[in-house]
$ cat data.csv   # CSV, C-alpha atoms
chain,number,residue,atom,x,y,z
M,930,MET,CA,4.8,-63.5,179.0
M,931,ASP,CA,2.3,-61.7,181.1
M,932,ILE,CA,2.7,-58.2,182.4
M,933,GLN,CA,2.3,-57.8,186.2
M,934,LEU,CA,1.4,-54.3,187.0
M,935,PRO,CA,2.2,-54.4,190.7
M,936,GLN,CA,5.6,-55.8,189.8
M,937,ILE,CA,6.1,-52.9,187.4
M,938,ILE,CA,5.0,-50.4,189.9
M,939,PHE,CA,7.2,-51.9,192.5
M,940,GLN,CA,10.1,-51.8,190.1
M,941,VAL,CA,9.4,-48.2,189.2
M,942,ILE,CA,9.2,-47.2,192.8
M,943,ASN,CA,12.3,-49.2,193.6
M,944,PHE,CA,14.1,-47.5,190.7
M,945,GLY,CA,13.0,-44.1,191.9
M,946,VAL,CA,14.1,-44.9,195.4
M,947,VAL,CA,17.5,-46.1,194.2
M,948,MET,CA,17.8,-43.0,191.8
M,949,GLY,CA,16.9,-40.7,194.7
M,950,ALA,CA,19.3,-42.3,197.0
M,951,LEU,CA,22.1,-42.3,194.4
M,952,THR,CA,21.3,-38.7,193.5
M,953,TYR,CA,21.4,-37.6,197.1
M,954,LEU,CA,24.2,-39.7,198.4
M,955,LEU,CA,26.5,-39.9,195.3
M,956,TYR,CA,25.7,-37.6,192.5
M,957,LYS,CA,25.5,-34.4,194.5
M,958,PRO,CA,28.7,-34.9,196.5
M,959,ILE,CA,30.5,-35.8,193.3
M,960,GLN,CA,29.0,-32.8,191.6
M,961,LYS,CA,30.0,-30.6,194.5
M,962,LEU,CA,33.5,-32.0,194.4
M,963,MET,CA,33.6,-31.5,190.6
M,964,ASP,CA,32.4,-27.9,191.0
M,965,GLU,CA,35.0,-27.2,193.8
M,966,ARG,CA,37.7,-28.8,191.6
M,967,ALA,CA,36.6,-26.6,188.6
M,968,SER,CA,36.6,-23.6,190.9
M,969,ARG,CA,40.1,-24.4,192.2
M,970,ILE,CA,41.3,-24.9,188.6
M,971,VAL,CA,39.8,-21.5,187.6
M,972,GLU,CA,41.3,-19.9,190.7
M,973,GLY,CA,44.6,-21.6,189.9
M,974,GLN,CA,44.5,-20.4,186.3
M,975,SER,CA,43.6,-16.9,187.5
M,976,ALA,CA,46.5,-17.0,190.0
M,977,ALA,CA,48.8,-18.3,187.2
M,978,GLU,CA,47.6,-15.5,184.9
M,979,ALA,CA,48.0,-13.0,187.6
M,980,ALA,CA,51.5,-14.3,188.4
M,981,LEU,CA,52.4,-14.2,184.7
M,982,ALA,CA,51.0,-10.6,184.5
M,983,GLN,CA,53.0,-9.7,187.6
M,984,LYS,CA,56.1,-11.3,186.1
M,985,ALA,CA,55.6,-9.4,182.9
M,986,ASN,CA,55.1,-6.2,184.9
M,987,LEU,CA,58.2,-7.0,186.9
M,988,ASP,CA,60.2,-7.7,183.7
M,989,GLU,CA,59.0,-4.5,182.2
M,990,SER,CA,59.9,-2.6,185.4
M,991,LYS,CA,63.3,-4.4,185.4
M,992,ARG,CA,63.8,-3.4,181.8
M,993,LYS,CA,62.7,0.2,182.5
M,994,ILE,CA,65.0,0.4,185.5
M,995,GLU,CA,67.9,-1.1,183.4
M,996,ARG,CA,67.2,1.5,180.7
M,997,GLU,CA,67.1,4.3,183.2
M,998,ALA,CA,70.3,3.0,184.9
M,999,GLU,CA,72.0,2.8,181.5
M,1000,LYS,CA,70.9,6.3,180.7
M,1001,LYS,CA,72.1,7.6,184.1
M,1002,ALA,CA,75.3,5.7,183.6
M,1003,ALA,CA,75.8,7.2,180.2
M,1004,ILE,CA,75.1,10.7,181.6
M,1005,LEU,CA,77.5,10.1,184.5
M,1006,ILE,CA,80.2,8.8,182.1
M,1007,GLU,CA,79.7,11.8,179.9
M,1008,GLU,CA,79.8,14.2,182.8
M,1009,ALA,CA,82.9,12.5,184.2
M,1010,ALA,CA,84.5,12.7,180.8
M,1011,LYS,CA,83.6,16.4,180.5
M,1012,LYS,CA,84.9,17.0,184.1
M,1013,ALA,CA,88.1,15.1,183.4
M,1014,THR,CA,88.6,17.1,180.2
M,1015,GLU,CA,87.9,20.3,182.1
M,1016,ILE,CA,90.3,19.3,184.9
M,1017,LYS,CA,92.9,18.4,182.4
M,1018,ARG,CA,92.5,21.7,180.6
M,1019,GLU,CA,92.6,23.6,183.9
M,1020,ALA,CA,95.7,21.7,185.0
M,1021,VAL,CA,97.4,22.4,181.7
M,1022,GLU,CA,96.4,26.1,181.9
M,1023,LYS,CA,97.6,26.3,185.4
M,1024,ALA,CA,100.9,24.7,184.5
M,1025,ARG,CA,101.3,27.0,181.6
M,1026,VAL,CA,100.6,30.1,183.8
M,1027,GLU,CA,102.9,28.9,186.5
M,1028,SER,CA,105.6,28.2,184.0
M,1029,GLN,CA,105.2,31.6,182.4
M,1030,ALA,CA,105.2,33.2,185.9
M,1031,GLU,CA,108.3,31.3,186.8
M,1032,THR,CA,110.0,32.1,183.5
M,1033,SER,CA,109.1,35.8,184.0
M,1034,LYS,CA,110.3,35.7,187.6
M,1035,LEU,CA,113.6,34.1,186.6
M,1036,LYS,CA,113.9,36.6,183.7
M,1037,ASP,CA,113.3,39.5,186.1
M,1038,GLN,CA,115.7,38.1,188.6
M,1039,TRP,CA,118.3,37.6,186.0
M,1040,GLN,CA,117.8,41.2,184.7
M,1041,ILE,CA,118.1,42.5,188.3
M,1042,GLU,CA,121.2,40.4,188.9
M,1043,LYS,CA,122.6,41.5,185.6
M,1044,HIS,CA,121.9,45.2,186.4
M,1045,GLN,CA,123.3,44.9,189.9
M,1046,LEU,CA,126.4,43.1,188.5
M,1047,THR,CA,126.8,45.8,185.9
M,1048,GLN,CA,126.4,48.5,188.5
M,1049,ASP,CA,128.8,46.8,190.8
M,1050,MET,CA,131.4,46.5,188.0
M,1051,ARG,CA,130.9,50.1,187.0
M,1052,GLN,CA,131.3,51.4,190.5
M,1053,GLU,CA,134.3,49.2,191.1
M,1054,MET,CA,135.8,50.5,187.9
M,1055,ILE,CA,135.1,54.1,189.0
M,1056,ARG,CA,136.6,53.5,192.4
M,1057,ALA,CA,139.7,52.0,190.8
M,1058,VAL,CA,140.0,54.9,188.4
M,1059,MET,CA,139.5,57.4,191.2
M,1060,THR,CA,142.0,55.6,193.3
M,1061,VAL,CA,144.6,55.6,190.5
M,1062,THR,CA,143.7,59.3,189.7
M,1063,GLN,CA,144.2,60.3,193.4
M,1064,LYS,CA,147.5,58.4,193.5
M,1065,VAL,CA,148.7,60.0,190.2
M,1066,ILE,CA,147.6,63.5,191.2
M,1067,GLY,CA,149.1,63.1,194.7
M,1068,VAL,CA,152.4,62.2,193.2
M,1069,LYS,CA,152.5,64.6,190.3
M,1070,LEU,CA,150.8,67.6,191.7
M,1071,ASP,CA,153.9,69.7,192.1
M,1072,GLU,CA,154.2,73.0,193.9
M,1073,LYS,CA,153.8,75.1,190.8
M,1074,THR,CA,150.6,73.5,189.8
M,1075,ASP,CA,149.3,73.6,193.3
M,1076,ALA,CA,150.2,77.3,193.5
M,1077,LYS,CA,148.3,78.0,190.3
M,1078,LEU,CA,145.4,76.0,191.6
M,1079,ILE,CA,145.2,78.0,194.9
M,1080,GLY,CA,145.7,81.2,193.0
M,1081,ASP,CA,142.8,80.4,190.7
M,1082,GLU,CA,140.6,79.5,193.6
M,1083,LEU,CA,141.5,82.6,195.5
M,1084,SER,CA,140.9,84.8,192.4
M,1085,LYS,CA,137.4,83.2,192.0
M,1086,LEU,CA,136.6,83.8,195.7
M,1087,MET,CA,137.8,87.5,195.5
M,1088,LYS,CA,135.3,88.2,192.7
X,571,MET,CA,139.2,86.2,218.7
X,572,GLU,CA,137.8,85.2,215.3
X,573,GLU,CA,140.0,82.7,213.5
X,574,VAL,CA,140.0,81.3,210.0
X,575,ILE,CA,141.6,77.9,209.5
X,576,VAL,CA,143.3,77.6,206.2
X,577,THR,CA,144.2,74.1,205.1
X,578,THR,CA,146.6,73.3,202.3
X,579,ALA,CA,148.7,70.3,201.2
X,580,ARG,CA,151.9,72.3,201.5
X,581,ASN,CA,153.2,75.5,203.2
X,582,LEU,CA,151.9,78.7,201.6
X,583,THR,CA,154.3,81.3,200.3
X,584,LYS,CA,154.2,84.8,201.8
X,585,ILE,CA,152.5,86.2,198.8
X,586,GLU,CA,149.8,83.5,199.0
X,587,ILE,CA,149.4,84.2,202.7
X,588,VAL,CA,148.9,87.9,202.0
X,589,THR,CA,146.4,87.1,199.3
X,590,VAL,CA,144.5,84.7,201.6
X,591,GLU,CA,144.5,87.3,204.4
X,592,LYS,CA,143.1,89.9,202.0
X,593,LEU,CA,140.4,87.5,201.0
X,594,ILE,CA,139.5,86.6,204.5
X,595,HIS,CA,139.3,90.2,205.7
X,596,GLN,CA,137.2,91.1,202.7
X,597,ARG,CA,134.9,88.1,202.8
X,598,PHE,CA,134.6,87.0,206.5
X,599,SER,CA,135.9,89.5,209.0
X,600,PRO,CA,138.4,92.4,208.9
X,601,THR,CA,139.7,91.3,212.3
X,602,ALA,CA,139.9,87.5,211.7
X,603,ALA,CA,143.3,85.8,212.3
X,604,LEU,CA,144.7,83.1,210.1
X,605,LYS,CA,145.5,79.6,211.3
X,606,LEU,CA,147.5,77.7,208.7
X,607,VAL,CA,147.2,74.0,208.6
X,608,VAL,CA,149.2,71.7,206.3
X,609,ASP,CA,147.5,68.4,205.5
X,610,PRO,CA,149.0,66.5,202.5
X,611,ALA,CA,145.9,64.4,202.4
X,612,VAL,CA,144.0,67.2,200.7
X,613,ILE,CA,146.5,66.7,197.7
X,614,GLY,CA,146.2,70.2,196.5
X,615,GLY,CA,144.1,73.4,196.5
X,616,ILE,CA,142.9,75.2,199.6
X,617,LYS,CA,140.2,75.0,202.3
X,618,LEU,CA,139.0,77.9,204.5
X,619,ARG,CA,136.9,77.4,207.6
X,620,PHE,CA,135.4,80.4,209.5
X,621,GLY,CA,133.1,79.2,212.3
X,622,SER,CA,130.5,77.1,210.6
X,623,GLU,CA,131.2,78.4,207.2
X,624,GLU,CA,133.6,76.5,205.0
X,625,ILE,CA,135.0,77.0,201.5
X,626,ASP,CA,136.5,73.8,200.3
X,627,ALA,CA,138.5,74.0,197.1
X,628,THR,CA,140.8,71.1,197.7
X,629,VAL,CA,141.7,68.5,195.1
X,630,LEU,CA,140.6,65.8,197.6
X,631,THR,CA,137.1,67.2,197.9
X,632,LYS,CA,136.8,67.7,194.2
X,633,LEU,CA,137.8,64.2,193.5
X,634,ALA,CA,135.4,63.0,196.2
X,635,THR,CA,132.6,65.0,194.6
X,636,VAL,CA,133.4,63.6,191.2
X,637,ASN,CA,133.5,60.1,192.7
X,638,GLN,CA,130.1,60.6,194.2
X,639,GLN,CA,128.6,61.9,191.0
X,640,LEU,CA,130.0,59.0,189.1
X,641,LEU,CA,128.7,56.5,191.6
X,642,LYS,CA,125.2,58.0,191.2
X,643,VAL,CA,125.2,57.3,187.4

$ encode --input "data.csv" --output "structure tokens"
Amino acid sequence: MDIQLPQIIFQVINFGVVMGALTYLLYKPIQKLMDERASRIVEGQSAAEAALAQKANLDESKRKIEREAEKKAAILIEEAAKKATEIKREAVEKARVESQAETSKLKDQWQIEKHQLTQDMRQEMIRAVMTVTQKVIGVKLDEKTDAKLIGDELSKLMK
Amino acid sequence: MEEVIVTTARNLTKIEIVTVEKLIHQRFSPTAALKLVVDPAVIGGIKLRFGSEEIDATVLTKLATVNQQLLKV
């Protein structure tokens, strides 16, 4: 086997030309595509991480809002319970006061009516007694008694 | 002429009239005349009226006074 130098040189040059052409026409575009793909993957990962972080933030915010809402709800419930208790107490107190006032009013009214009735009965009795007395005196005041009565009055007036 | 109205439940006797006249002349006027009025409604006693002055000693007035006093109680 003999070595032909021109053939070897030709082969080397041919190989170089093919290498250059392949490098320029195939390797670089593929490399570029690969870089772009890697870049897109990185971007996608970053976006996914950002989305996850955002989701975590949103979840945290949601939990925070829920906790605050629960706290506010608890406060509102407590305030409502206090207010209800206060309203109930006030209503009971008002009812008690009104009841006492009504009882007192009825008692006073009853006392007034009782007093009035007693007075009426007393005056009626006095009138009856006076009427009877006048009748009895009118019938039984004889001349002698009347004369004595007049005499006594005149004696008093003469003094 | 001055007049004293004397009201009683019955007619006065002469002695009573004299006594009344004496009282009137002594108390009201020596020249006053008597006008005797009989009113059984006064029940008993005597009432003298001389002008605006009145002395009421009738049983009716006494009863009325007692009645008023009792009603005030």

$ interface_residues --input "data.csv" --of "chain X" --to "chain M" --cutoff "12 Å" --atoms "all atoms listed in the file" --output "VMD selection string"
chain X and resid 576 to 598 610 to 618 625 to 643

$ residues_around --input "data.csv" --residues "Glu573 of chain X" --least-positions-apart "4" --cutoff "12 Å" --atoms "only C-alpha atoms" --output "ChimeraX atom specification"
/X:591,594-595,598-606,618-623

$ axis_aligned_box --input "data.csv" --around "segment 933-948 of chain M" --padding-each-side "4 Å" --output "AutoDock Vina command-line options"
--center_x 9.6 --center_y -50.4 --center_z 190.8 --size_x 24.4 --size_y 22.8 --size_z 17.2

$ atom_distance --input "data.csv" --atom1 "atom CA of Val1061 of chain M" --atom2 "atom CA of Glu624 of chain X"
27.7 Å
